[in-house]
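start_5.cif follows; it contains mmCIF, C-alpha atoms and all ligand atoms.
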```
data_start
loop_
_atom_site.label_atom_id
_atom_site.label_comp_id
_atom_site.auth_asym_id
_atom_site.auth_seq_id
_atom_site.Cartn_x
_atom_site.Cartn_y
_atom_site.Cartn_z
CA MET W 82 -139.18 57.84 -100.23
CA ALA W 83 -137.23 60.55 -101.98
CA GLU W 84 -138.41 64.09 -102.46
CA LYS W 85 -138.78 64.83 -106.18
CA ILE W 86 -136.84 67.85 -107.40
CA ASP W 87 -139.26 69.73 -109.63
CA GLY W 88 -137.22 71.04 -112.57
CA LYS W 89 -140.31 72.34 -114.31
CA LEU W 90 -141.20 74.56 -111.36
CA ILE W 91 -137.63 75.74 -110.73
CA SER W 92 -137.02 76.50 -114.41
CA GLN W 93 -140.27 78.49 -114.50
CA GLN W 94 -139.09 80.54 -111.48
CA ILE W 95 -135.81 81.31 -113.29
CA LYS W 96 -137.62 82.26 -116.51
CA ASP W 97 -139.96 84.57 -114.59
CA GLU W 98 -137.01 86.24 -112.82
CA LEU W 99 -135.34 86.77 -116.20
CA LYS W 100 -138.54 88.12 -117.72
CA GLU W 101 -138.63 90.79 -115.01
CA LYS W 102 -134.97 91.72 -115.58
CA VAL W 103 -135.47 91.95 -119.35
CA ALA W 104 -138.63 94.08 -118.89
CA ALA W 105 -136.72 96.50 -116.62
CA LEU W 106 -133.98 96.80 -119.26
CA ALA W 107 -136.53 97.26 -122.04
CA ALA W 108 -138.05 100.13 -120.06
CA GLU W 109 -134.64 101.83 -120.42
CA GLY W 110 -134.79 101.20 -124.18
CA LYS W 111 -132.32 98.27 -124.09
CA THR W 112 -133.25 95.14 -126.04
CA CYS W 113 -131.53 91.78 -125.92
CA ALA W 114 -131.10 89.49 -128.95
CA LEU W 115 -130.04 85.87 -129.46
CA ALA W 116 -129.06 84.48 -132.87
CA VAL W 117 -130.15 80.85 -133.24
CA ILE W 118 -128.52 78.97 -136.14
CA GLN W 119 -129.75 75.62 -137.39
CA VAL W 120 -128.14 73.82 -140.31
CA GLY W 121 -130.31 71.13 -141.93
CA ASN W 122 -133.62 69.92 -140.57
CA ASP W 123 -132.90 67.17 -138.09
CA PRO W 124 -136.32 66.73 -136.37
CA ALA W 125 -134.91 66.63 -132.79
CA SER W 126 -132.88 69.81 -133.45
CA SER W 127 -135.97 71.51 -134.88
CA VAL W 128 -137.86 70.75 -131.64
CA TYR W 129 -135.00 72.13 -129.50
CA VAL W 130 -134.64 75.24 -131.67
CA GLY W 131 -138.42 75.79 -131.61
CA ASN W 132 -138.44 75.58 -127.79
CA LYS W 133 -135.56 78.02 -127.55
CA LYS W 134 -137.34 80.56 -129.76
CA LYS W 135 -140.57 80.14 -127.78
CA THR W 136 -138.75 80.68 -124.47
CA CYS W 137 -136.97 83.76 -125.87
CA ALA W 138 -140.39 85.20 -126.80
CA TYR W 139 -141.73 84.46 -123.29
CA ILE W 140 -138.83 86.25 -121.59
CA GLY W 141 -138.73 89.15 -124.03
CA ILE W 142 -135.47 88.27 -125.78
CA GLU W 143 -135.50 88.80 -129.53
CA SER W 144 -134.51 85.61 -131.38
CA ILE W 145 -132.96 85.96 -134.81
CA ALA W 146 -133.38 82.65 -136.63
CA TYR W 147 -130.98 81.34 -139.27
CA GLU W 148 -132.47 78.19 -140.82
CA LEU W 149 -129.76 77.11 -143.23
CA PRO W 150 -130.00 74.26 -145.75
CA GLU W 151 -128.20 70.95 -145.09
CA GLU W 152 -125.72 71.66 -147.91
CA THR W 153 -124.47 74.94 -146.34
CA SER W 154 -120.67 74.86 -146.48
CA GLU W 155 -118.49 75.29 -143.40
CA GLN W 156 -117.16 78.57 -144.81
CA GLU W 157 -120.68 79.94 -145.36
CA LEU W 158 -121.54 79.12 -141.76
CA LEU W 159 -118.29 80.66 -140.46
CA ASP W 160 -119.02 83.83 -142.49
CA ILE W 161 -122.46 84.16 -140.86
CA ILE W 162 -120.92 83.66 -137.39
CA ASP W 163 -118.28 86.30 -138.18
CA LYS W 164 -121.01 88.76 -139.17
CA LEU W 165 -122.96 88.02 -135.96
CA ASN W 166 -119.80 88.35 -133.84
CA LYS W 167 -119.40 91.89 -135.19
CA ASP W 168 -123.08 92.88 -134.90
CA PRO W 169 -123.52 94.97 -131.71
CA LYS W 170 -127.27 94.23 -131.68
CA VAL W 171 -126.61 90.49 -131.19
CA ASN W 172 -125.76 89.53 -127.60
CA GLY W 173 -125.68 85.75 -127.91
CA ILE W 174 -124.99 83.24 -130.70
CA LEU W 175 -126.10 79.65 -130.59
CA CYS W 176 -125.41 77.05 -133.25
CA GLN W 177 -127.56 73.96 -132.73
CA LEU W 178 -125.53 70.72 -132.60
CA PRO W 179 -125.12 68.20 -134.13
CA LEU W 180 -124.06 69.78 -137.42
CA PRO W 181 -124.05 67.91 -140.77
CA SER W 182 -120.95 65.70 -141.04
CA HIS W 183 -119.19 67.93 -143.65
CA ILE W 184 -118.94 70.75 -141.06
CA ASN W 185 -116.32 70.50 -138.32
CA GLU W 186 -118.07 71.29 -135.01
CA ASP W 187 -114.83 72.34 -133.35
CA HIS W 188 -114.22 75.00 -136.02
CA VAL W 189 -117.71 76.39 -135.34
CA ILE W 190 -117.30 76.32 -131.53
CA HIS W 191 -113.96 78.14 -131.87
CA ALA W 192 -115.43 80.72 -134.29
CA ILE W 193 -118.17 82.02 -131.96
CA SER W 194 -116.88 84.98 -129.97
CA PRO W 195 -116.39 83.91 -126.30
CA GLU W 196 -118.36 87.04 -125.30
CA LYS W 197 -121.40 85.76 -127.25
CA ASP W 198 -120.91 82.03 -126.58
CA VAL W 199 -124.08 81.48 -124.54
CA ASP W 200 -123.68 77.68 -124.77
CA GLY W 201 -120.36 77.97 -122.89
CA PHE W 202 -118.54 75.64 -125.31
CA HIS W 203 -115.68 77.96 -126.43
CA PRO W 204 -112.30 76.88 -125.00
CA ARG W 205 -111.88 80.30 -123.40
CA ASN W 206 -115.10 79.85 -121.41
CA VAL W 207 -114.16 76.28 -120.51
CA GLY W 208 -110.74 77.55 -119.37
CA ALA W 209 -112.38 80.31 -117.31
CA LEU W 210 -114.42 77.66 -115.50
CA VAL W 211 -111.28 75.63 -114.77
CA ILE W 212 -109.41 78.55 -113.19
CA GLY W 213 -112.46 80.13 -111.52
CA GLU W 214 -112.79 83.19 -113.75
CA LYS W 215 -116.06 84.67 -114.97
CA GLY W 216 -117.38 83.16 -118.19
CA PHE W 217 -120.31 81.32 -119.71
CA VAL W 218 -120.96 77.87 -118.25
CA SER W 219 -122.46 74.97 -120.20
CA CYS W 220 -126.23 75.15 -119.59
CA THR W 221 -127.13 71.64 -118.38
CA PRO W 222 -124.50 71.52 -115.58
CA ALA W 223 -125.28 75.13 -114.61
CA GLY W 224 -128.96 74.12 -114.38
CA ILE W 225 -128.11 71.22 -112.05
CA ILE W 226 -126.33 73.60 -109.65
CA GLN W 227 -129.52 75.71 -109.61
CA LEU W 228 -131.67 72.61 -108.93
CA LEU W 229 -129.47 71.72 -105.94
CA LYS W 230 -129.24 75.25 -104.54
CA ARG W 231 -132.91 76.08 -104.97
CA SER W 232 -133.82 72.78 -103.25
CA ASN W 233 -131.57 73.84 -100.31
CA ILE W 234 -129.29 70.83 -100.79
CA GLU W 235 -125.87 71.44 -99.27
CA ILE W 236 -122.98 70.89 -101.67
CA ALA W 237 -119.89 72.07 -99.75
CA GLY W 238 -117.95 69.20 -98.20
CA LYS W 239 -120.18 66.52 -99.74
CA HIS W 240 -118.81 63.70 -101.85
CA CYS W 241 -120.13 64.14 -105.37
CA VAL W 242 -119.71 61.37 -107.94
CA VAL W 243 -120.25 62.41 -111.57
CA ILE W 244 -120.68 59.57 -114.07
CA GLY W 245 -119.66 60.78 -117.55
CA ARG W 246 -116.83 62.97 -118.80
CA SER W 247 -118.28 64.62 -121.92
CA ASN W 248 -117.28 68.22 -122.67
CA ILE W 249 -120.92 69.32 -122.51
CA VAL W 250 -122.06 67.62 -119.30
CA GLY W 251 -119.63 65.49 -117.25
CA LYS W 252 -116.48 67.65 -117.23
CA PRO W 253 -118.14 71.06 -116.60
CA MET W 254 -120.41 69.40 -114.02
CA ALA W 255 -117.42 68.10 -112.07
CA LEU W 256 -115.72 71.52 -112.23
CA LEU W 257 -118.86 73.31 -111.03
CA MET W 258 -119.25 70.94 -108.08
CA LEU W 259 -115.59 71.56 -107.24
CA ARG W 260 -116.23 75.30 -107.40
CA GLU W 261 -119.07 74.73 -104.90
CA ASN W 262 -116.54 72.99 -102.61
CA ALA W 263 -117.72 69.40 -103.05
CA THR W 264 -115.21 66.55 -103.04
CA VAL W 265 -115.54 65.30 -106.59
CA THR W 266 -114.98 61.91 -108.23
CA ILE W 267 -115.42 61.54 -112.01
CA CYS W 268 -116.34 58.10 -113.38
CA HIS W 269 -116.30 57.08 -117.05
CA SER W 270 -116.38 54.09 -119.38
CA ARG W 271 -112.98 52.83 -118.15
CA THR W 272 -113.75 53.20 -114.43
CA GLN W 273 -113.36 50.02 -112.40
CA ASN W 274 -115.67 49.24 -109.46
CA LEU W 275 -118.29 51.78 -110.61
CA LYS W 276 -120.89 50.43 -108.18
CA GLU W 277 -118.61 50.73 -105.14
CA ILE W 278 -117.60 54.30 -106.05
CA CYS W 279 -121.21 55.39 -106.68
CA LYS W 280 -122.26 53.93 -103.32
CA GLU W 281 -119.94 56.41 -101.60
CA ALA W 282 -121.67 59.41 -103.17
CA ASP W 283 -123.70 61.89 -101.14
CA ILE W 284 -124.65 63.45 -104.48
CA LEU W 285 -124.69 61.18 -107.53
CA ILE W 286 -124.93 62.89 -110.93
CA VAL W 287 -125.57 60.48 -113.77
CA ALA W 288 -124.74 61.46 -117.38
CA ILE W 289 -123.83 58.08 -118.83
CA GLY W 290 -126.20 58.04 -121.84
CA LYS W 291 -127.58 54.53 -121.11
CA PRO W 292 -131.27 54.09 -120.26
CA LYS W 293 -132.04 53.06 -116.64
CA PHE W 294 -128.40 51.99 -116.10
CA ILE W 295 -128.20 53.09 -112.46
CA ASN W 296 -130.38 51.10 -110.05
CA ALA W 297 -130.62 51.00 -106.24
CA ASP W 298 -127.46 48.85 -105.99
CA TYR W 299 -125.39 51.91 -107.02
CA VAL W 300 -126.96 54.27 -104.50
CA LYS W 301 -126.19 54.96 -100.83
CA GLU W 302 -129.22 55.27 -98.53
CA GLY W 303 -130.20 58.96 -98.40
CA ALA W 304 -128.13 60.07 -101.41
CA VAL W 305 -129.21 62.89 -103.74
CA VAL W 306 -129.57 61.49 -107.28
CA ILE W 307 -129.53 63.73 -110.36
CA ASP W 308 -130.43 62.09 -113.66
CA VAL W 309 -129.18 63.88 -116.79
CA GLY W 310 -130.12 61.17 -119.30
CA ILE W 311 -132.96 61.44 -121.79
CA HIS W 312 -134.13 58.39 -123.73
CA ARG W 313 -137.30 56.95 -125.19
CA ASN W 314 -138.15 53.47 -123.92
CA GLU W 315 -139.93 50.61 -125.75
CA ASP W 316 -143.33 52.32 -125.19
CA ASN W 317 -141.99 55.61 -126.61
CA LYS W 318 -142.07 57.13 -123.09
CA LEU W 319 -139.20 59.30 -121.82
CA CYS W 320 -136.82 57.79 -119.28
CA GLY W 321 -133.43 58.68 -117.86
CA ASP W 322 -130.08 57.04 -117.12
CA VAL W 323 -131.45 56.16 -113.66
CA ASP W 324 -133.99 53.42 -112.96
CA PHE W 325 -136.32 55.79 -111.11
CA ASP W 326 -138.59 53.14 -109.53
CA SER W 327 -135.64 51.22 -108.13
CA VAL W 328 -133.67 54.24 -106.84
CA GLU W 329 -136.45 56.51 -105.56
CA PRO W 330 -137.17 54.58 -102.30
CA LYS W 331 -133.48 54.76 -101.32
CA ALA W 332 -132.60 58.38 -102.26
CA SER W 333 -133.34 61.51 -100.23
CA TYR W 334 -133.87 63.65 -103.36
CA ILE W 335 -134.19 62.62 -106.99
CA THR W 336 -134.85 64.33 -110.34
CA PRO W 337 -137.54 62.69 -112.48
CA VAL W 338 -137.35 62.28 -116.28
CA PRO W 339 -139.12 64.15 -117.74
CA GLY W 340 -139.46 67.24 -115.55
CA GLY W 341 -136.08 67.22 -113.79
CA VAL W 342 -132.84 68.36 -115.43
CA GLY W 343 -134.32 68.76 -118.95
CA PRO W 344 -136.26 72.01 -118.46
CA MET W 345 -133.28 73.61 -116.71
CA THR W 346 -131.07 73.60 -119.82
CA ILE W 347 -133.18 76.16 -121.70
CA ALA W 348 -133.69 78.25 -118.54
CA MET W 349 -129.91 78.51 -118.09
CA LEU W 350 -129.41 79.29 -121.79
CA MET W 351 -131.77 82.24 -121.31
CA ASN W 352 -129.86 83.20 -118.16
CA ASN W 353 -126.62 83.22 -120.17
CA CYS W 354 -128.27 85.43 -122.84
CA VAL W 355 -129.35 87.96 -120.24
CA GLU W 356 -125.87 87.90 -118.67
CA ALA W 357 -124.31 88.43 -122.10
CA PHE W 358 -126.54 91.42 -122.51
CA MET W 359 -125.82 92.94 -119.11
CA ASP W 360 -122.02 92.69 -119.41
P1 LIG H 1 -121.84 61.17 -123.93
O1 LIG H 1 -122.25 59.92 -124.63
O2 LIG H 1 -121.01 62.19 -124.63
O3 LIG H 1 -121.05 60.75 -122.59
C1 LIG H 1 -121.38 59.64 -121.81
C2 LIG H 1 -120.30 59.44 -120.79
O4 LIG H 1 -120.63 58.27 -120.03
C3 LIG H 1 -118.91 59.22 -121.39
O5 LIG H 1 -118.03 60.20 -120.85
C4 LIG H 1 -118.52 57.81 -120.97
O6 LIG H 1 -117.17 57.73 -120.55
C5 LIG H 1 -119.46 57.53 -119.82
N1 LIG H 1 -119.82 56.09 -119.80
C6 LIG H 1 -120.32 55.38 -120.81
N2 LIG H 1 -120.50 54.09 -120.41
C7 LIG H 1 -120.10 54.01 -119.14
C8 LIG H 1 -120.04 52.97 -118.17
N3 LIG H 1 -120.43 51.74 -118.47
N4 LIG H 1 -119.60 53.26 -116.94
C9 LIG H 1 -119.21 54.51 -116.62
N5 LIG H 1 -119.24 55.55 -117.49
C10 LIG H 1 -119.68 55.29 -118.73
O7 LIG H 1 -123.18 61.80 -123.36
P2 LIG H 1 -123.51 63.29 -122.82
O8 LIG H 1 -123.60 64.22 -123.96
O9 LIG H 1 -122.62 63.64 -121.67
O10 LIG H 1 -124.99 63.03 -122.28
C11 LIG H 1 -125.26 62.08 -121.26
C12 LIG H 1 -126.77 61.85 -121.18
O11 LIG H 1 -127.39 63.09 -120.86
C13 LIG H 1 -127.42 61.41 -122.49
O12 LIG H 1 -128.49 60.53 -122.16
C14 LIG H 1 -127.96 62.69 -123.09
O13 LIG H 1 -129.08 62.48 -123.92
C15 LIG H 1 -128.34 63.44 -121.84
N6 LIG H 1 -128.31 64.92 -121.96
C16 LIG H 1 -129.35 65.59 -121.42
C17 LIG H 1 -129.37 66.98 -121.44
C18 LIG H 1 -130.52 67.69 -120.81
O14 LIG H 1 -130.77 68.85 -121.13
N7 LIG H 1 -131.23 67.06 -119.89
C19 LIG H 1 -128.31 67.69 -122.03
C20 LIG H 1 -127.23 66.98 -122.55
C21 LIG H 1 -127.25 65.60 -122.49
#
```

Mind turning this structure into structure tokens?
Ligand code: NAD
Amino acid sequence: MAEKIDGKLISQQIKDELKEKVAALAAEGKTCALAVIQVGNDPASSVYVGNKKKTCAYIGIESIAYELPEETSEQELLDIIDKLNKDPKVNGILCQLPLPSHINEDHVIHAISPEKDVDGFHPRNVGALVIGEKGFVSCTPAGIIQLLKRSNIEIAGKHCVVIGRSNIVGKPMALLMLRENATVTICHSRTQNLKEICKEADILIVAIGKPKFINADYVKEGAVVIDVGIHRNEDNKLCGDVDFDSVEPKASYITPVPGGVGPMTIAMLMNNCVEAFMD
């Protein structure tokens, strides 16, 4: 039976550590602010944005909300970002994705100053990760490193298989595991013999975006299994990319959905905000 990695507990520890740091800075008269931009009112985005604002309040970070109408033009959005880039009171800028289809997401990602890019999506931050320089790291992969480290799971020298090569999860995840000295294999939609490759993993990180895709047949006895996926099943219950009931008896550690990787993303976003502030 695998040990469950408790993302709720670990994310709470991180948030409490950040709260202390922010309180110490506030005592010196220094306040930290995050600008949160939402364009349109996609219900899922509204939930994410609401959670981000709530977590900011808990930690003591000021959140400055921009709730823009669906019909906001790309130029209007870029003008707001430009203003926030220049505002010394704003430490971090976050633009909730996805954006309405008439706005080019790449233009927006490029427009946010790399020094305030707390999502870690700007090419300069991605490049810094590739060459091992300091920069903001995409929050979900950064959270997974924290889950592994705070569960005392050794990474160096282990074979890590990452399924998925998205810019937000798969690619930065693979680079972070490389930085932690794992031997890394990246699998994707064109990979052949996926099952055989996964079965060689000491640490299997699944970001494939397909509910319950990975079952016990893909997992080596005693492997660590990290499930990034979030889906709603037929009964409207949350599930991941991993078939938890099938894999759990075979793994040594596993993240549940919900309560595994999910809560770490916001915790690491807050961590990036505090880092932006301290630089
Ligand atoms: P994505 O759709 O951009 O990428 C999926 C990746 O899986 C692609 O790179 C693709 O090549 C690969 N893939 C698809 N089918 C495959 C197959 N049959 N075999 C091997 N590889 C295959 O998704 P994403 O944005 O990287 O997100 C992945 C999952 O993680 C989604 O379920 C998403 O909802 C979830 N997610 C969770 C969090 C969180 O905070 N927990 C954050 C981001 C994404």

Checklist entry - Quick one, how far is atom C4 of ligand LIG 1 (chain H) from CA of Ile225 in chain W? => result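 Going from atom C4 of ligand LIG 1 (chain H) over to CA of Ile225 in chain W covers 18.7 Å.
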
Checklist entry - Using all atoms listed in the file, which of W:Asn233, W:Thr221, W:Gln177, W:Ser333 sits nearest ligand LIG 1 (chain H)? => result W:Thr221

At most 9 Å is the cut-off: for each residue in chain W with any atom that close to an atom of ligand LIG 1 (chain H), write down the nearest atom pair and the distance in Å rounded to one decimal, counting all atoms listed in the file, chain first then increasing number, as a Markdown table.
```
| residue | atom | partner | partner_atom | distance |
| --- | --- | --- | --- | --- |
| W:Cys220 | CA | H:LIG1 | O14 | 7.9 |
| W:Thr221 | CA | H:LIG1 | O14 | 5.3 |
| W:Pro222 | CA | H:LIG1 | C19 | 8.4 |
| W:Gly224 | CA | H:LIG1 | O14 | 8.8 |
| W:Ile244 | CA | H:LIG1 | N5 | 5.5 |
| W:Gly245 | CA | H:LIG1 | C2 | 3.6 |
| W:Arg246 | CA | H:LIG1 | O5 | 3.6 |
| W:Ser247 | CA | H:LIG1 | O9 | 4.5 |
| W:Asn248 | CA | H:LIG1 | O9 | 7.1 |
| W:Ile249 | CA | H:LIG1 | O8 | 5.9 |
| W:Val250 | CA | H:LIG1 | O9 | 4.7 |
| W:Gly251 | CA | H:LIG1 | O9 | 5.6 |
| W:Lys252 | CA | H:LIG1 | O5 | 8.4 |
| W:Ile267 | CA | H:LIG1 | N5 | 9.0 |
| W:Cys268 | CA | H:LIG1 | C9 | 5.6 |
| W:His269 | CA | H:LIG1 | N5 | 3.3 |
| W:Ser270 | CA | H:LIG1 | C10 | 3.6 |
| W:Arg271 | CA | H:LIG1 | C9 | 6.6 |
| W:Thr272 | CA | H:LIG1 | C9 | 6.0 |
| W:Gln273 | CA | H:LIG1 | N4 | 8.4 |
| W:Leu275 | CA | H:LIG1 | N4 | 6.6 |
| W:Val287 | CA | H:LIG1 | C12 | 7.6 |
| W:Ala288 | CA | H:LIG1 | C11 | 4.0 |
| W:Ile289 | CA | H:LIG1 | O4 | 3.4 |
| W:Gly290 | CA | H:LIG1 | O12 | 3.4 |
| W:Lys291 | CA | H:LIG1 | O12 | 6.2 |
| W:Pro292 | CA | H:LIG1 | O12 | 7.3 |
| W:Phe294 | CA | H:LIG1 | N3 | 8.3 |
| W:Asp308 | CA | H:LIG1 | O11 | 7.9 |
| W:Val309 | CA | H:LIG1 | O11 | 4.5 |
| W:Gly310 | CA | H:LIG1 | O12 | 3.4 |
| W:Ile311 | CA | H:LIG1 | O13 | 4.5 |
| W:His312 | CA | H:LIG1 | O12 | 6.2 |
| W:Gly321 | CA | H:LIG1 | O12 | 6.8 |
| W:Asp322 | CA | H:LIG1 | O12 | 6.3 |
| W:Val338 | CA | H:LIG1 | N7 | 8.6 |
| W:Pro339 | CA | H:LIG1 | N7 | 8.7 |
| W:Gly341 | CA | H:LIG1 | N7 | 7.8 |
| W:Val342 | CA | H:LIG1 | N7 | 4.9 |
| W:Gly343 | CA | H:LIG1 | N7 | 3.6 |
| W:Pro344 | CA | H:LIG1 | O14 | 6.9 |
| W:Met345 | CA | H:LIG1 | O14 | 7.0 |
| W:Thr346 | CA | H:LIG1 | O14 | 4.9 |
| W:Ile347 | CA | H:LIG1 | O14 | 7.7 |
```

Keeping only C-alpha atoms, write those residues as an mmCIF file, in the coordinates of the input.
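Saved as part.cif:
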```cif
data_model
loop_
_atom_site.group_PDB
_atom_site.id
_atom_site.type_symbol
_atom_site.label_atom_id
_atom_site.label_comp_id
_atom_site.auth_asym_id
_atom_site.auth_seq_id
_atom_site.Cartn_x
_atom_site.Cartn_y
_atom_site.Cartn_z
ATOM 1 C CA CYS W 220 -126.230 75.150 -119.590
ATOM 2 C CA THR W 221 -127.130 71.640 -118.380
ATOM 3 C CA PRO W 222 -124.500 71.520 -115.580
ATOM 4 C CA GLY W 224 -128.960 74.120 -114.380
ATOM 5 C CA ILE W 244 -120.680 59.570 -114.070
ATOM 6 C CA GLY W 245 -119.660 60.780 -117.550
ATOM 7 C CA ARG W 246 -116.830 62.970 -118.800
ATOM 8 C CA SER W 247 -118.280 64.620 -121.920
ATOM 9 C CA ASN W 248 -117.280 68.220 -122.670
ATOM 10 C CA ILE W 249 -120.920 69.320 -122.510
ATOM 11 C CA VAL W 250 -122.060 67.620 -119.300
ATOM 12 C CA GLY W 251 -119.630 65.490 -117.250
ATOM 13 C CA LYS W 252 -116.480 67.650 -117.230
ATOM 14 C CA ILE W 267 -115.420 61.540 -112.010
ATOM 15 C CA CYS W 268 -116.340 58.100 -113.380
ATOM 16 C CA HIS W 269 -116.300 57.080 -117.050
ATOM 17 C CA SER W 270 -116.380 54.090 -119.380
ATOM 18 C CA ARG W 271 -112.980 52.830 -118.150
ATOM 19 C CA THR W 272 -113.750 53.200 -114.430
ATOM 20 C CA GLN W 273 -113.360 50.020 -112.400
ATOM 21 C CA LEU W 275 -118.290 51.780 -110.610
ATOM 22 C CA VAL W 287 -125.570 60.480 -113.770
ATOM 23 C CA ALA W 288 -124.740 61.460 -117.380
ATOM 24 C CA ILE W 289 -123.830 58.080 -118.830
ATOM 25 C CA GLY W 290 -126.200 58.040 -121.840
ATOM 26 C CA LYS W 291 -127.580 54.530 -121.110
ATOM 27 C CA PRO W 292 -131.270 54.090 -120.260
ATOM 28 C CA PHE W 294 -128.400 51.990 -116.100
ATOM 29 C CA ASP W 308 -130.430 62.090 -113.660
ATOM 30 C CA VAL W 309 -129.180 63.880 -116.790
ATOM 31 C CA GLY W 310 -130.120 61.170 -119.300
ATOM 32 C CA ILE W 311 -132.960 61.440 -121.790
ATOM 33 C CA HIS W 312 -134.130 58.390 -123.730
ATOM 34 C CA GLY W 321 -133.430 58.680 -117.860
ATOM 35 C CA ASP W 322 -130.080 57.040 -117.120
ATOM 36 C CA VAL W 338 -137.350 62.280 -116.280
ATOM 37 C CA PRO W 339 -139.120 64.150 -117.740
ATOM 38 C CA GLY W 341 -136.080 67.220 -113.790
ATOM 39 C CA VAL W 342 -132.840 68.360 -115.430
ATOM 40 C CA GLY W 343 -134.320 68.760 -118.950
ATOM 41 C CA PRO W 344 -136.260 72.010 -118.460
ATOM 42 C CA MET W 345 -133.280 73.610 -116.710
ATOM 43 C CA THR W 346 -131.070 73.600 -119.820
ATOM 44 C CA ILE W 347 -133.180 76.160 -121.700
#
```

Item to check | Distance of CA of Leu257 in chain W from CA of Val207 in chain W, expressed in Å to one decimal place | outcome: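 Distance reported for this atom pair: 11.0 Å.
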
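If you look at CA of Gly340 in chain W and CA of Lys85 in chain W, they are 9.7 Å away from each other.
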
Item to check | Selection near range 178-192 of chain W, 8 Å with only C-alpha atoms, sequence-local residues under 4 positions removed, as a list of chain:residue names | outcome: W:Val120, W:Gly121, W:Ser126, W:Glu151, W:Ser154, W:Glu155, W:Leu158, W:Leu159, W:Ile162, W:Asp163, W:Phe202, W:His203, W:Pro204

Next on the checklist: Ranking W:Thr153, W:Tyr129, W:His240, W:Asn353 by minimum distance to Asp198 in chain W and counting all atoms listed in the file, which one comes first?
Outcome noted: W:Asn353

Next on the checklist: Nearest residue to Lys164 in chain W out of W:Ala114, W:Val103, W:Ile307, W:Ile193, using only C-alpha atoms?
Outcome noted: W:Ile193

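Closest approach to Val211 in chain W among W:Pro253, W:Pro337, W:Pro150, W:Gly88 is made by W:Pro253 (distances from all atoms listed in the file).
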
Item to check | Residue list as a PyMOL selection string for point (-137.6, 90.0, -116.4), cut-off 12 Å, all atoms listed in the file | outcome: chain W and resi 93-108+112-113+137-142+351-352+355

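Closest approach to Ala146 in chain W among W:Ile335, W:Ile161, W:Ile295, W:Ala83: W:Ile161, based on all atoms listed in the file.
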
Checklist entry - Which is closer to Gly208 in chain W than all the others in W:Ala348, W:Leu149, W:Leu256, W:Val171, using all atoms listed in the file? => result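 Result for the nearest residue to Gly208 in chain W: W:Leu256.
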
Next on the checklist: Need the shell around Gly173 in chain W: protein/DNA/RNA residues with any atom at most 6 Å away, counting all atoms listed in the file. Skip same-chain ones fewer than 3 positions apart. Format as a VMD selection string?
Outcome noted: chain W and resid 115 197 199 354
